[in-house]
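This is my_file.txt (compact mmCIF, C-alpha atoms and all ligand atoms).
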```txt
# COMPACT_ATOMS: atom_id res chain seq x y z
CA MET W 1197 69.94 48.04 95.67
CA SER W 1198 71.92 51.17 94.89
CA ASP W 1199 69.98 51.45 91.58
CA LEU W 1200 66.77 51.65 93.58
CA LEU W 1201 68.24 54.17 95.99
CA ALA W 1202 69.56 56.27 93.11
CA LYS W 1203 66.06 56.27 91.63
CA LEU W 1204 64.37 57.30 94.88
CA TYR W 1205 66.94 59.81 96.11
CA PRO W 1206 65.99 62.83 93.92
CA GLU W 1207 62.43 62.81 95.29
CA HIS W 1208 63.80 62.43 98.83
CA MET W 1209 65.94 65.51 98.24
CA ARG W 1210 63.01 67.49 96.87
CA THR W 1211 61.03 66.64 99.99
CA LEU W 1212 63.88 67.53 102.34
CA ARG W 1213 64.53 70.83 100.62
CA ALA W 1214 60.85 71.76 100.85
CA ARG W 1215 60.77 70.76 104.52
CA ALA W 1216 63.92 72.78 105.21
CA ASP W 1217 62.46 75.81 103.40
CA ALA W 1218 59.34 75.66 105.55
CA ALA W 1219 61.37 75.18 108.75
CA LEU W 1220 63.48 78.26 107.96
CA THR W 1221 60.38 80.35 107.31
CA ARG W 1222 58.95 79.30 110.66
CA GLY W 1223 62.16 80.15 112.48
CA GLY W 1224 62.85 83.32 110.51
CA TYR W 1225 66.26 82.18 109.26
CA ASP W 1226 67.93 82.30 105.84
CA HIS W 1227 70.13 79.21 105.99
CA LEU W 1228 69.98 75.77 107.55
CA VAL W 1229 73.46 74.69 108.63
CA ILE W 1230 73.96 71.15 109.88
CA ALA W 1231 77.10 69.94 111.64
CA ALA W 1232 77.88 66.26 111.14
CA GLY W 1233 79.50 66.54 114.58
CA VAL W 1234 82.67 65.26 116.16
CA PRO W 1235 83.16 62.49 118.73
CA ARG W 1236 82.81 63.31 122.41
CA ILE W 1237 85.94 62.73 124.46
CA GLU W 1238 85.59 60.70 127.66
CA PHE W 1239 85.97 62.62 130.92
CA LEU W 1240 89.62 63.12 131.98
CA ASP W 1241 90.72 60.96 129.09
CA ASP W 1242 91.90 61.28 125.51
CA ARG W 1243 89.66 58.49 124.35
CA PRO W 1244 86.82 59.36 121.98
CA ALA W 1245 83.35 57.93 122.50
CA PRO W 1246 81.98 56.02 119.49
CA TYR W 1247 81.12 58.56 116.80
CA VAL W 1248 77.47 58.85 115.78
CA ALA W 1249 76.81 61.46 113.09
CA ASN W 1250 74.08 64.02 113.74
CA PRO W 1251 70.81 62.43 112.52
CA HIS W 1252 69.96 65.68 110.71
CA PHE W 1253 73.12 65.18 108.66
CA ARG W 1254 72.34 61.52 107.93
CA TYR W 1255 68.84 62.58 106.82
CA TRP W 1256 70.36 64.31 103.78
CA LEU W 1257 72.96 61.84 102.62
CA PRO W 1258 73.95 58.23 103.25
CA VAL W 1259 77.23 59.15 104.93
CA THR W 1260 77.59 58.03 108.51
CA LYS W 1261 81.32 58.62 109.02
CA ALA W 1262 82.27 62.19 108.19
CA PRO W 1263 83.16 63.90 111.47
CA GLY W 1264 83.80 67.61 111.09
CA SER W 1265 81.79 67.92 107.87
CA TRP W 1266 78.93 70.41 107.39
CA LEU W 1267 75.86 70.79 105.26
CA VAL W 1268 74.29 74.08 104.20
CA HIS W 1269 70.79 74.49 102.78
CA THR W 1270 69.73 77.86 101.41
CA PRO W 1271 66.29 78.09 99.77
CA GLY W 1272 66.61 78.17 95.99
CA ALA W 1273 70.28 77.09 95.98
CA LYS W 1274 71.85 73.67 95.50
CA PRO W 1275 72.68 72.22 98.92
CA LYS W 1276 76.31 72.54 99.86
CA LEU W 1277 78.43 69.88 101.51
CA VAL W 1278 81.61 71.00 103.24
CA TYR W 1279 83.46 67.74 103.47
CA LEU W 1280 86.39 67.28 105.82
CA GLN W 1281 89.18 64.97 104.72
CA PRO W 1282 91.77 65.77 107.37
CA ARG W 1283 95.49 65.39 106.87
CA ASP W 1284 95.72 62.58 109.38
CA TYR W 1285 97.83 59.47 109.60
CA TRP W 1286 96.41 58.37 112.97
CA HIS W 1287 92.88 57.72 111.76
CA VAL W 1288 91.21 56.61 108.58
CA VAL W 1289 90.43 59.64 106.43
CA PRO W 1290 86.85 59.59 105.06
CA GLU W 1291 86.74 58.48 101.44
CA ALA W 1292 86.14 61.00 98.71
CA PRO W 1293 82.39 61.54 98.19
CA ALA W 1294 81.04 58.99 95.70
CA GLY W 1295 77.72 57.54 94.69
CA TYR W 1296 74.25 58.49 93.56
CA TRP W 1297 73.92 61.37 96.00
CA VAL W 1298 77.02 63.37 95.06
CA GLU W 1299 75.53 65.21 92.07
CA HIS W 1300 72.88 66.73 94.34
CA PHE W 1301 75.43 68.81 96.26
CA ASP W 1302 77.98 71.48 95.63
CA ILE W 1303 80.90 69.92 97.43
CA ALA W 1304 83.82 71.76 98.98
CA ILE W 1305 86.59 69.53 100.31
CA VAL W 1306 88.58 70.89 103.25
CA HIS W 1307 91.62 69.34 104.88
CA GLU W 1308 91.55 71.20 108.21
CA ALA W 1309 88.44 71.24 110.40
CA ARG W 1310 88.68 75.02 110.89
CA ASP W 1311 88.75 75.62 107.13
CA ALA W 1312 85.07 74.60 106.96
CA LEU W 1313 84.16 77.95 108.51
CA ALA W 1314 85.09 79.85 105.34
CA HIS W 1315 82.50 77.79 103.43
CA LEU W 1316 79.60 78.47 105.81
CA PRO W 1317 77.32 81.49 105.26
CA LYS W 1318 78.95 84.76 106.33
CA ALA W 1319 75.80 85.99 108.10
CA LEU W 1320 75.92 83.42 110.90
CA ALA W 1321 73.19 85.27 112.80
CA ARG W 1322 70.85 84.39 109.90
CA CYS W 1323 71.61 80.66 110.25
CA ALA W 1324 69.74 77.95 112.07
CA ILE W 1325 72.73 75.81 113.07
CA ILE W 1326 71.81 72.27 114.04
CA GLY W 1327 74.33 70.26 116.00
CA ALA W 1328 75.79 69.31 119.36
CA ASP W 1329 77.68 71.92 121.39
CA ASN W 1330 81.05 70.36 120.71
CA ALA W 1331 80.57 70.86 116.96
CA ALA W 1332 81.00 74.64 117.35
CA LEU W 1333 83.54 76.09 114.96
CA GLY W 1334 84.60 79.65 115.72
CA ASP W 1335 81.46 81.78 115.66
CA ALA W 1336 79.45 78.99 114.05
CA LYS W 1337 77.84 77.81 117.27
CA PRO W 1338 74.85 75.47 117.10
CA ASN W 1339 71.71 77.37 118.16
CA ASN W 1340 69.21 74.57 117.45
CA PRO W 1341 66.17 76.87 117.24
CA ASP W 1342 63.02 75.20 118.57
CA ALA W 1343 60.79 76.48 115.77
CA VAL W 1344 63.10 74.93 113.16
CA LEU W 1345 63.76 71.68 115.02
CA ASN W 1346 60.13 71.08 115.94
CA TYR W 1347 59.05 71.40 112.33
CA LEU W 1348 61.85 69.17 111.02
CA HIS W 1349 61.28 66.57 113.73
CA TRP W 1350 57.57 66.45 113.04
CA GLN W 1351 58.18 65.99 109.31
CA ARG W 1352 60.75 63.27 109.95
CA SER W 1353 57.85 61.11 111.16
CA TYR W 1354 56.68 60.77 107.54
CA LYS W 1355 59.25 58.68 105.77
CA THR W 1356 60.01 59.23 102.11
CA ASP W 1357 60.08 56.26 99.72
CA TYR W 1358 63.87 56.43 99.87
CA GLU W 1359 63.82 56.14 103.66
CA LEU W 1360 61.37 53.23 103.55
CA ALA W 1361 63.73 51.46 101.15
CA MET W 1362 66.56 51.96 103.65
CA LEU W 1363 64.45 50.66 106.51
CA ARG W 1364 63.53 47.54 104.52
CA VAL W 1365 67.22 46.77 104.07
CA ALA W 1366 67.96 47.39 107.75
CA SER W 1367 65.22 44.88 108.61
CA LYS W 1368 66.61 42.27 106.20
CA LEU W 1369 70.08 42.58 107.69
CA GLY W 1370 68.72 42.29 111.22
CA VAL W 1371 66.62 39.24 110.38
CA ARG W 1372 69.59 37.46 108.77
CA ALA W 1373 71.50 37.91 112.02
CA HIS W 1374 68.51 36.94 114.17
CA ARG W 1375 68.41 33.60 112.37
CA ALA W 1376 72.09 33.03 113.08
CA ALA W 1377 71.50 33.91 116.74
CA GLU W 1378 68.60 31.47 117.01
CA ALA W 1379 70.80 28.73 115.54
CA ALA W 1380 73.49 29.52 118.13
CA PHE W 1381 70.89 29.27 120.91
CA ARG W 1382 69.67 25.92 119.55
CA ALA W 1383 73.30 24.75 119.53
CA GLY W 1384 73.59 25.49 123.26
CA LYS W 1385 75.88 28.51 123.01
CA SER W 1386 76.46 31.14 125.69
CA GLU W 1387 75.03 34.65 125.53
CA TYR W 1388 78.45 35.93 124.51
CA ASP W 1389 78.76 33.36 121.72
CA ILE W 1390 75.24 34.11 120.50
CA HIS W 1391 76.20 37.78 120.43
CA THR W 1392 79.30 37.08 118.32
CA ALA W 1393 77.23 34.82 116.03
CA TYR W 1394 74.88 37.78 115.56
CA LEU W 1395 77.73 40.17 114.80
CA ASN W 1396 79.26 37.75 112.30
CA ALA W 1397 75.96 37.45 110.47
CA VAL W 1398 75.04 41.12 110.51
CA HIS W 1399 78.55 42.13 109.43
CA GLU W 1400 78.54 45.28 111.54
CA THR W 1401 80.71 46.28 114.45
CA GLU W 1402 79.04 46.90 117.78
CA ASN W 1403 79.48 50.64 117.26
CA GLU W 1404 77.76 50.48 113.89
CA LEU W 1405 74.64 48.77 115.25
CA PRO W 1406 71.65 51.04 115.93
CA TYR W 1407 71.72 50.02 119.62
CA GLY W 1408 73.51 47.56 121.86
CA ASN W 1409 72.38 43.95 121.54
CA ILE W 1410 70.12 42.59 124.27
CA ILE W 1411 70.77 38.85 124.50
CA ALA W 1412 69.31 37.02 127.47
CA LEU W 1413 69.05 33.36 128.37
CA ASN W 1414 66.63 32.12 131.02
CA GLN W 1415 65.81 34.52 133.86
CA HIS W 1416 68.09 37.18 132.37
CA ALA W 1417 65.20 37.98 130.01
CA ALA W 1418 63.44 39.51 133.05
CA THR W 1419 65.94 42.38 132.85
CA LEU W 1420 64.47 44.44 130.02
CA HIS W 1421 67.85 45.69 128.78
CA TYR W 1422 70.09 42.77 129.73
CA MET W 1423 73.45 43.40 128.04
CA ASP W 1424 75.95 41.51 130.19
CA PHE W 1425 76.67 38.58 127.82
CA ASN W 1426 77.57 35.71 130.15
CA ARG W 1427 80.62 33.96 128.74
CA ALA W 1428 79.51 30.49 129.89
CA PRO W 1429 76.36 28.74 128.72
CA PRO W 1430 73.81 28.00 131.47
CA ALA W 1431 73.57 24.41 132.73
CA HIS W 1432 70.04 24.29 131.34
CA ALA W 1433 68.88 26.65 128.63
CA GLU W 1434 65.14 27.18 128.99
CA SER W 1435 64.50 30.35 127.02
CA PHE W 1436 66.17 32.96 124.83
CA LEU W 1437 65.22 36.59 124.26
CA ILE W 1438 67.09 38.63 121.67
CA ASP W 1439 66.46 42.32 120.95
CA ALA W 1440 68.90 43.37 118.24
CA GLY W 1441 68.87 45.42 115.07
CA ALA W 1442 70.99 46.43 112.13
CA SER W 1443 71.96 49.69 110.46
CA PHE W 1444 71.82 50.63 106.82
CA HIS W 1445 73.11 54.06 105.74
CA GLY W 1446 72.11 55.52 109.08
CA TYR W 1447 68.67 53.89 109.36
CA GLY W 1448 68.00 51.16 111.91
CA SER W 1449 65.89 48.12 112.56
CA ASP W 1450 64.74 47.13 116.05
CA ILE W 1451 63.72 43.49 116.32
CA THR W 1452 62.94 41.20 119.26
CA ARG W 1453 62.24 37.48 119.27
CA THR W 1454 61.78 35.04 122.12
CA TYR W 1455 62.36 31.30 121.90
CA ALA W 1456 61.64 28.36 124.21
CA ALA W 1457 63.86 25.31 124.56
CA PRO W 1458 62.16 22.22 123.02
CA HIS W 1459 61.24 20.77 126.42
CA ALA W 1460 59.67 24.06 127.67
CA SER W 1461 56.28 23.59 126.05
CA GLU W 1462 54.44 25.56 128.78
CA PHE W 1463 56.61 28.58 127.94
CA GLN W 1464 56.13 28.01 124.20
CA LYS W 1465 52.38 28.17 124.79
CA LEU W 1466 52.75 31.61 126.35
CA ILE W 1467 55.05 32.76 123.53
CA ASP W 1468 52.47 31.62 120.97
CA ALA W 1469 49.75 33.62 122.70
CA VAL W 1470 51.89 36.77 122.86
CA ASP W 1471 52.87 36.25 119.23
CA ALA W 1472 49.21 36.04 118.14
CA ALA W 1473 48.38 39.11 120.22
CA GLN W 1474 51.31 41.00 118.74
CA ARG W 1475 50.08 40.28 115.20
CA GLY W 1476 46.71 41.64 116.23
CA PHE W 1477 48.31 44.89 117.44
CA VAL W 1478 50.31 45.18 114.22
CA ALA W 1479 47.07 44.84 112.24
CA LYS W 1480 45.80 47.95 114.02
CA VAL W 1481 48.67 50.12 112.78
CA LYS W 1482 46.36 52.16 110.58
CA THR W 1483 45.67 55.75 109.73
CA GLY W 1484 43.86 57.46 112.60
CA GLN W 1485 44.83 54.89 115.24
CA SER W 1486 45.83 56.56 118.50
CA TYR W 1487 49.08 54.93 119.63
CA PRO W 1488 48.39 55.37 123.37
CA GLU W 1489 44.96 53.77 122.87
CA LEU W 1490 46.66 50.85 121.13
CA HIS W 1491 49.03 50.58 124.10
CA ILE W 1492 46.09 50.41 126.54
CA HIS W 1493 44.35 47.88 124.27
CA ALA W 1494 47.53 45.77 124.42
CA HIS W 1495 47.35 45.82 128.22
CA HIS W 1496 43.83 44.38 128.07
CA VAL W 1497 44.76 41.67 125.59
CA LEU W 1498 47.89 40.65 127.49
CA ALA W 1499 45.94 40.60 130.77
CA GLY W 1500 43.45 38.31 129.01
CA ILE W 1501 46.28 35.94 128.11
CA LEU W 1502 47.48 35.94 131.71
CA ARG W 1503 43.99 35.06 132.87
CA ASP W 1504 43.34 32.44 130.17
CA GLN W 1505 46.62 30.69 131.01
CA ASP W 1506 45.81 30.91 134.74
CA PHE W 1507 48.57 33.26 135.90
CA ILE W 1508 46.00 35.66 137.30
CA ARG W 1509 42.39 35.22 138.35
CA LEU W 1510 40.84 38.59 137.64
CA SER W 1511 39.24 40.18 134.65
CA PRO W 1512 41.42 42.00 132.12
CA GLU W 1513 39.58 45.21 133.01
CA SER W 1514 40.43 45.03 136.70
CA ALA W 1515 43.97 43.79 135.93
CA VAL W 1516 44.56 46.94 133.89
CA GLU W 1517 42.73 49.23 136.31
CA THR W 1518 44.65 48.01 139.36
CA GLY W 1519 48.04 48.04 137.61
CA VAL W 1520 48.45 44.25 137.71
CA SER W 1521 48.94 44.16 133.93
CA SER W 1522 51.86 46.58 134.37
CA THR W 1523 53.62 44.12 136.67
CA PHE W 1524 53.88 41.75 133.72
CA PHE W 1525 54.08 44.34 130.91
CA PRO W 1526 56.02 47.23 132.42
CA HIS W 1527 57.16 49.07 129.29
CA GLY W 1528 55.58 50.85 126.35
CA LEU W 1529 54.08 49.10 123.33
CA GLY W 1530 56.67 50.76 121.09
CA HIS W 1531 58.03 53.93 119.55
CA LEU W 1532 58.73 55.69 116.28
CA LEU W 1533 61.69 54.34 114.31
CA GLY W 1534 63.96 55.82 111.66
CA LEU W 1535 67.29 57.59 111.79
CA GLN W 1536 67.18 56.99 115.53
CA VAL W 1537 65.93 53.82 117.13
CA HIS W 1538 63.72 55.88 119.42
CA ASP W 1539 62.98 58.38 116.71
CA VAL W 1540 62.13 62.01 117.41
CA ALA W 1541 58.67 63.51 117.82
CA GLY W 1542 57.08 60.55 119.60
CA PHE W 1543 55.20 62.90 121.91
CA GLN W 1544 54.94 65.95 119.68
CA LYS W 1545 51.53 67.62 119.42
CA ASP W 1546 51.93 69.20 115.99
CA GLU W 1547 54.54 70.65 113.67
CA SER W 1548 55.03 73.66 115.97
CA GLY W 1549 55.95 71.51 118.95
CA GLY W 1550 53.97 70.87 122.10
CA THR W 1551 53.58 67.60 123.93
CA VAL W 1552 50.85 64.99 124.13
CA ALA W 1553 51.11 63.53 127.63
CA ARG W 1554 51.28 59.81 128.29
CA PRO W 1555 48.21 58.19 129.80
CA PRO W 1556 48.52 58.30 133.61
CA GLY W 1557 50.16 55.16 135.01
CA HIS W 1558 52.16 54.47 131.83
CA PRO W 1559 55.46 56.29 132.41
CA TYR W 1560 57.49 54.31 129.88
CA LEU W 1561 55.33 54.68 126.80
CA ARG W 1562 57.45 56.37 124.10
CA CYS W 1563 54.77 57.41 121.62
CA THR W 1564 51.51 59.33 122.07
CA ARG W 1565 50.96 60.16 118.41
CA THR W 1566 48.03 59.32 116.18
CA LEU W 1567 49.24 57.15 113.32
CA GLU W 1568 49.31 58.36 109.74
CA PRO W 1569 50.67 57.01 106.48
CA ARG W 1570 54.49 56.82 106.27
CA MET W 1571 54.96 56.72 110.02
CA VAL W 1572 57.11 53.79 111.12
CA THR W 1573 56.63 52.37 114.57
CA THR W 1574 57.66 49.35 116.54
CA ILE W 1575 55.07 47.05 118.08
CA GLU W 1576 56.74 45.25 120.97
CA PRO W 1577 54.44 43.77 123.62
CA GLY W 1578 55.88 41.57 126.32
CA ILE W 1579 55.09 39.47 129.36
CA TYR W 1580 57.83 39.18 131.99
CA PHE W 1581 58.37 37.60 135.39
CA ILE W 1582 60.41 40.27 137.14
CA ASP W 1583 61.35 39.59 140.77
CA LEU W 1584 61.30 43.29 141.71
CA LEU W 1585 57.82 43.94 140.33
CA LEU W 1586 56.37 40.62 141.51
CA GLY W 1587 57.67 41.46 145.00
CA GLU W 1588 55.74 44.73 144.88
CA LEU W 1589 52.61 42.96 143.66
CA LYS W 1590 52.87 40.52 146.58
CA ASN W 1591 52.25 43.43 148.95
CA LYS W 1592 49.09 44.60 147.18
CA PRO W 1593 45.51 43.42 147.74
CA GLN W 1594 45.52 41.97 144.20
CA ALA W 1595 48.16 39.44 145.32
CA ARG W 1596 45.35 37.07 146.23
CA ASP W 1597 44.26 37.03 142.59
CA VAL W 1598 47.64 35.74 141.42
CA ASN W 1599 48.40 32.06 140.90
CA TRP W 1600 51.80 32.32 142.56
CA ALA W 1601 52.71 28.67 142.02
CA LYS W 1602 52.49 29.15 138.26
CA VAL W 1603 54.04 32.61 138.27
CA ASP W 1604 56.97 31.41 140.39
CA ALA W 1605 57.50 28.45 138.07
CA PHE W 1606 57.84 30.83 135.11
CA ARG W 1607 60.51 33.03 136.70
CA ARG W 1608 63.14 30.74 135.23
CA TYR W 1609 62.09 31.78 131.70
CA GLY W 1610 62.54 35.49 132.42
CA GLY W 1611 60.07 36.84 129.92
CA ILE W 1612 58.83 37.33 126.41
CA ARG W 1613 59.07 40.27 124.04
CA ILE W 1614 58.14 40.18 120.36
CA GLU W 1615 58.99 43.28 118.37
CA ASP W 1616 58.32 44.14 114.75
CA ASP W 1617 58.94 47.32 112.76
CA VAL W 1618 55.76 48.43 111.03
CA VAL W 1619 54.94 51.04 108.39
CA CYS W 1620 51.55 52.74 108.57
CA THR W 1621 50.08 53.08 105.06
CA GLU W 1622 46.82 54.24 103.49
CA ALA W 1623 45.65 50.62 103.69
CA GLU W 1624 47.11 47.53 105.41
CA PRO W 1625 50.27 47.99 107.48
CA GLU W 1626 53.59 46.87 106.06
CA ASN W 1627 55.41 44.66 108.54
CA LEU W 1628 59.09 45.13 107.70
CA THR W 1629 60.19 42.48 110.18
CA ARG W 1630 57.80 39.66 109.31
CA ASP W 1631 58.27 40.34 105.60
CA ALA W 1632 62.00 39.92 106.10
CA PHE W 1633 61.58 36.70 108.10
CA ALA W 1634 59.24 35.35 105.42
CA ALA W 1635 61.76 36.15 102.69
CA ALA W 1636 64.73 34.69 104.59
N1 LIG G 1701 65.84 47.93 121.62
C1 LIG G 1701 65.25 48.98 122.36
C2 LIG G 1701 63.82 49.01 122.18
O1 LIG G 1701 63.23 48.02 121.80
O2 LIG G 1701 63.18 50.01 122.33
MN MN G 1702 61.95 49.04 120.32
MN MN G 1703 64.06 46.51 120.65
```

Using structure tokens, write down the structure that the file contains.
Ligand code: GLY
Ligand code: MN
Ligand code: MN
Amino acid sequence: MSDLLAKLYPEHMRTLRARADAALTRGGYDHLVIAAGVPRIEFLDDRPAPYVANPHFRYWLPVTKAPGSWLVHTPGAKPKLVYLQPRDYWHVVPEAPAGYWVEHFDIAIVHEARDALAHLPKALARCAIIGADNAALGDAKPNNPDAVLNYLHWQRSYKTDYELAMLRVASKLGVRAHRAAEAAFRAGKSEYDIHTAYLNAVHETENELPYGNIIALNQHAATLHYMDFNRAPPAHAESFLIDAGASFHGYGSDITRTYAAPHASEFQKLIDAVDAAQRGFVAKVKTGQSYPELHIHAHHVLAGILRDQDFIRLSPESAVETGVSSTFFPHGLGHLLGLQVHDVAGFQKDESGGTVARPPGHPYLRCTRTLEPRMVTTIEPGIYFIDLLLGELKNKPQARDVNWAKVDAFRRYGGIRIEDDVVCTEAEPENLTRDAFAAA
């Protein structure tokens, strides 16, 4: 793997340097300075929050644990890494830089955080400094100029070959752990034990994962982000929803699967229909496809499933128009994916910034972009039986078009979500998740 990354990295660097040059021109700055960042400290405490390096830092090099380090890009010059290896016997000191990426930087090692300042450009007013407020070092205060950030965020939507290679690995790691989690479910384990089975298989700590595991048995799957991990298995396991990913060098996967217990064939039938629909949505991840239009299309297809399986007795068109489809599918179809699970620029209008609004009535959609090659998006439709939303539907005129006996019988399964990570290409989409399941 590292041979492949070594081969792809020089082109990645060329692309990033060109993007940084253009961003600086737009903002009118001479240097791009990126703070890796330092952990936040909890309120009235001396306990640090889990450290997550600035995604702009991780974009340049596969180093996820280098708090207090800095990166400097100046057009025409070799990028500079100011690398902090503190004199510290309380915490692990970051290892000396090593690997295929090292030769692409001028590296200055410092042993005190404040010594980094001497290695940053002297003309700080000429610097676009990207970082969180708490990364400030003397007069080097992050200014995060919009013109620079908007351009960089827009360009981050188009993954380099190196980034796609990283994302493929993140998907493979996630799928390996998903299989272990499914086995734990089949063995009758609790949510907590399924979670630990996942961690054992993915070989990452909870803080290293791209997001917290969502592991839900039975009606818990009706809570979209259920993260409570019951310690005891339920008396009867009917269903299992797992939304969990893996990290690789700062890139993440975001994968959801839903399983029915062997006796729950009625629920399996609904899973199969959502699965087929989901594959259909993935097939539409093509150049020129409007993501919000795909989201609305998904509402129609899912409403058709609800009607065909006799949960509702109204046409898909009126189910979508009256908001009934949103009772059962109350979140967005997906989002951009990359260095962040909900990657930047999901709503951005163009490389200068701006916003493309969500369609009215769809407040949780996280992407309004039109798809182009090298964009990576999740496709994650669902159908849920959520007490809160069903209670609201009961008070609407459309309540009479609902087969409540069937809907009520399905509350015990919670819900279904099926989520793949998909690369838009010039031709057919690349499904990172299904490719990884097929290879496993
Ligand atoms: N795991 C969070 C999401 O699917 O967006
Ligand atoms: Mn997702
Ligand atoms: Mn997810």

Exercise. Would you mind listing what lies within 8 Å of Asp1616 of chain W as a ChimeraX atom specification, with all atoms listed in the file counted and same-chain residues fewer than 2 positions away left out?
Key: /W:1450-1452,1574-1576,1614,1618,1627-1630

Quiz prompt | Near-ligand residues for ligand MN 1703 (chain G), threshold 12 Å, all atoms listed in the file, as a count of residues only | solution = 44

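Every residue within 9 Å of the file position (83.3, 63.8, 118.6), judged by all atoms listed in the file, is given as W:Gly1233, W:Val1234, W:Pro1235, W:Arg1236, W:Ile1237, W:Pro1244, W:Ala1245, W:Pro1246, W:Tyr1247, W:Val1248, W:Ala1249, W:Pro1263, W:Gly1264, W:Asn1330, W:Ala1331.
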
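The gap separating atom CA of Tyr1354 of chain W from atom CA of Val1268 of chain W is 22.3 Å, in Å to one decimal.
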
Quiz item: Hey, which of W:Pro1293, W:Gly1610, W:Pro1258, W:Gly1327 ends up closest to Ala1456 of chain W? Count all atoms listed in the file.
Solution: W:Gly1610

Quiz item: Hey, which of W:Asn1403, W:Gln1536, W:Asn1339, W:Asn1591 ends up closest to ligand MN 1702 (chain G)? Count all atoms listed in the file.
Solution: W:Gln1536

Quiz prompt | For Val1603 of chain W: contacts at 9 Å, all atoms listed in the file, fewer than 3 positions along chain excluded, given as JSON, numbers by chain | solution = {"W": [1507, 1508, 1581, 1586, 1598, 1599, 1600, 1606, 1607]}

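The smallest atom-to-atom distance between ligand LIG 1701 (chain G) and any of W:Ala1428, W:Ala1472, W:Met1423, W:Ala1433, using all atoms listed in the file, is found for W:Met1423.
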
Self-check item: One-decimal distance in Å that lies between atom CA of Pro1526 of chain W and atom CA of Glu1489 of chain W
Solution: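 Atom-to-atom, atom CA of Glu1489 of chain W to atom CA of Pro1526 of chain W, that is 16.0 Å.
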
Exercise. Would you work out the distance separating atom CA of Gly1223 of chain W from atom CA of Gly1542 of chain W, expressed in Å to one decimal?
Key: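 About the pair atom CA of Gly1223 of chain W and atom CA of Gly1542 of chain W: they are 21.5 Å apart.
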
Taking every listed atom of ligand LIG 1701 (chain G) and adding 5 Å to each side, what centre and edge lengths in Å (one decimal) does the axis-aligned box have, as JSON?
```
{"center_x": 64.5, "center_y": 49.0, "center_z": 122.0, "size_x": 12.7, "size_y": 12.1, "size_z": 10.7}
```

Quiz item: Quick one: residues within 9 Å of His1300 of chain W, all atoms listed in the file counted, chain neighbours fewer than 2 positions away excluded, as a list in words?
Solution: Pro1206, Met1209, Lys1274, Pro1275, Lys1276, Tyr1296, Trp1297, Val1298 and Asp1302 of chain W

Quiz item: Any idea what's packed within 12 Å of Leu1585 of chain W, counting only C-alpha atoms, ignoring anything in its chain fewer than 3 positions away? Could you give it as a PyMOL selection string?
Solution: chain W and resi 1418-1419+1519-1526+1580-1582+1588-1592+1595+1607

Pull C-alpha atoms from the residues just selected and write them as an mmCIF file, in the frame of the given file.
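Written output follows (result.cif):
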```
data_model
loop_
_atom_site.group_PDB
_atom_site.id
_atom_site.type_symbol
_atom_site.label_atom_id
_atom_site.label_comp_id
_atom_site.auth_asym_id
_atom_site.auth_seq_id
_atom_site.Cartn_x
_atom_site.Cartn_y
_atom_site.Cartn_z
ATOM 1 C CA ALA W 1418 63.440 39.510 133.050
ATOM 2 C CA THR W 1419 65.940 42.380 132.850
ATOM 3 C CA GLY W 1519 48.040 48.040 137.610
ATOM 4 C CA VAL W 1520 48.450 44.250 137.710
ATOM 5 C CA SER W 1521 48.940 44.160 133.930
ATOM 6 C CA SER W 1522 51.860 46.580 134.370
ATOM 7 C CA THR W 1523 53.620 44.120 136.670
ATOM 8 C CA PHE W 1524 53.880 41.750 133.720
ATOM 9 C CA PHE W 1525 54.080 44.340 130.910
ATOM 10 C CA PRO W 1526 56.020 47.230 132.420
ATOM 11 C CA TYR W 1580 57.830 39.180 131.990
ATOM 12 C CA PHE W 1581 58.370 37.600 135.390
ATOM 13 C CA ILE W 1582 60.410 40.270 137.140
ATOM 14 C CA GLU W 1588 55.740 44.730 144.880
ATOM 15 C CA LEU W 1589 52.610 42.960 143.660
ATOM 16 C CA LYS W 1590 52.870 40.520 146.580
ATOM 17 C CA ASN W 1591 52.250 43.430 148.950
ATOM 18 C CA LYS W 1592 49.090 44.600 147.180
ATOM 19 C CA ALA W 1595 48.160 39.440 145.320
ATOM 20 C CA ARG W 1607 60.510 33.030 136.700
#
```

Exercise. Could you give me, as a list of chain:residue names, the residues within 12 Å of Ala1319 of chain W, counting all atoms listed in the file and dropping anything in the same chain fewer than 5 positions from it?
Key: W:Tyr1225, W:Asp1226, W:His1227, W:Leu1228, W:Val1229, W:Leu1313, W:Ala1314, W:Ala1324, W:Ile1325, W:Asp1335, W:Ala1336

Could you save the residues just selected, with C-alpha atoms, as an mmCIF file, keeping the file's coordinate frame?
```
data_model
loop_
_atom_site.group_PDB
_atom_site.id
_atom_site.type_symbol
_atom_site.label_atom_id
_atom_site.label_comp_id
_atom_site.auth_asym_id
_atom_site.auth_seq_id
_atom_site.Cartn_x
_atom_site.Cartn_y
_atom_site.Cartn_z
ATOM 1 C CA TYR W 1225 66.260 82.180 109.260
ATOM 2 C CA ASP W 1226 67.930 82.300 105.840
ATOM 3 C CA HIS W 1227 70.130 79.210 105.990
ATOM 4 C CA LEU W 1228 69.980 75.770 107.550
ATOM 5 C CA VAL W 1229 73.460 74.690 108.630
ATOM 6 C CA LEU W 1313 84.160 77.950 108.510
ATOM 7 C CA ALA W 1314 85.090 79.850 105.340
ATOM 8 C CA ALA W 1324 69.740 77.950 112.070
ATOM 9 C CA ILE W 1325 72.730 75.810 113.070
ATOM 10 C CA ASP W 1335 81.460 81.780 115.660
ATOM 11 C CA ALA W 1336 79.450 78.990 114.050
#
```

Quiz item: Hey, can you pull every residue with an atom no more than 12 Å from (60.0, 41.7, 103.8), using all atoms listed in the file, and send it as a VMD selection string?
Solution: chain W and resid 1360 to 1361 1363 to 1372 1616 to 1619 1626 to 1636
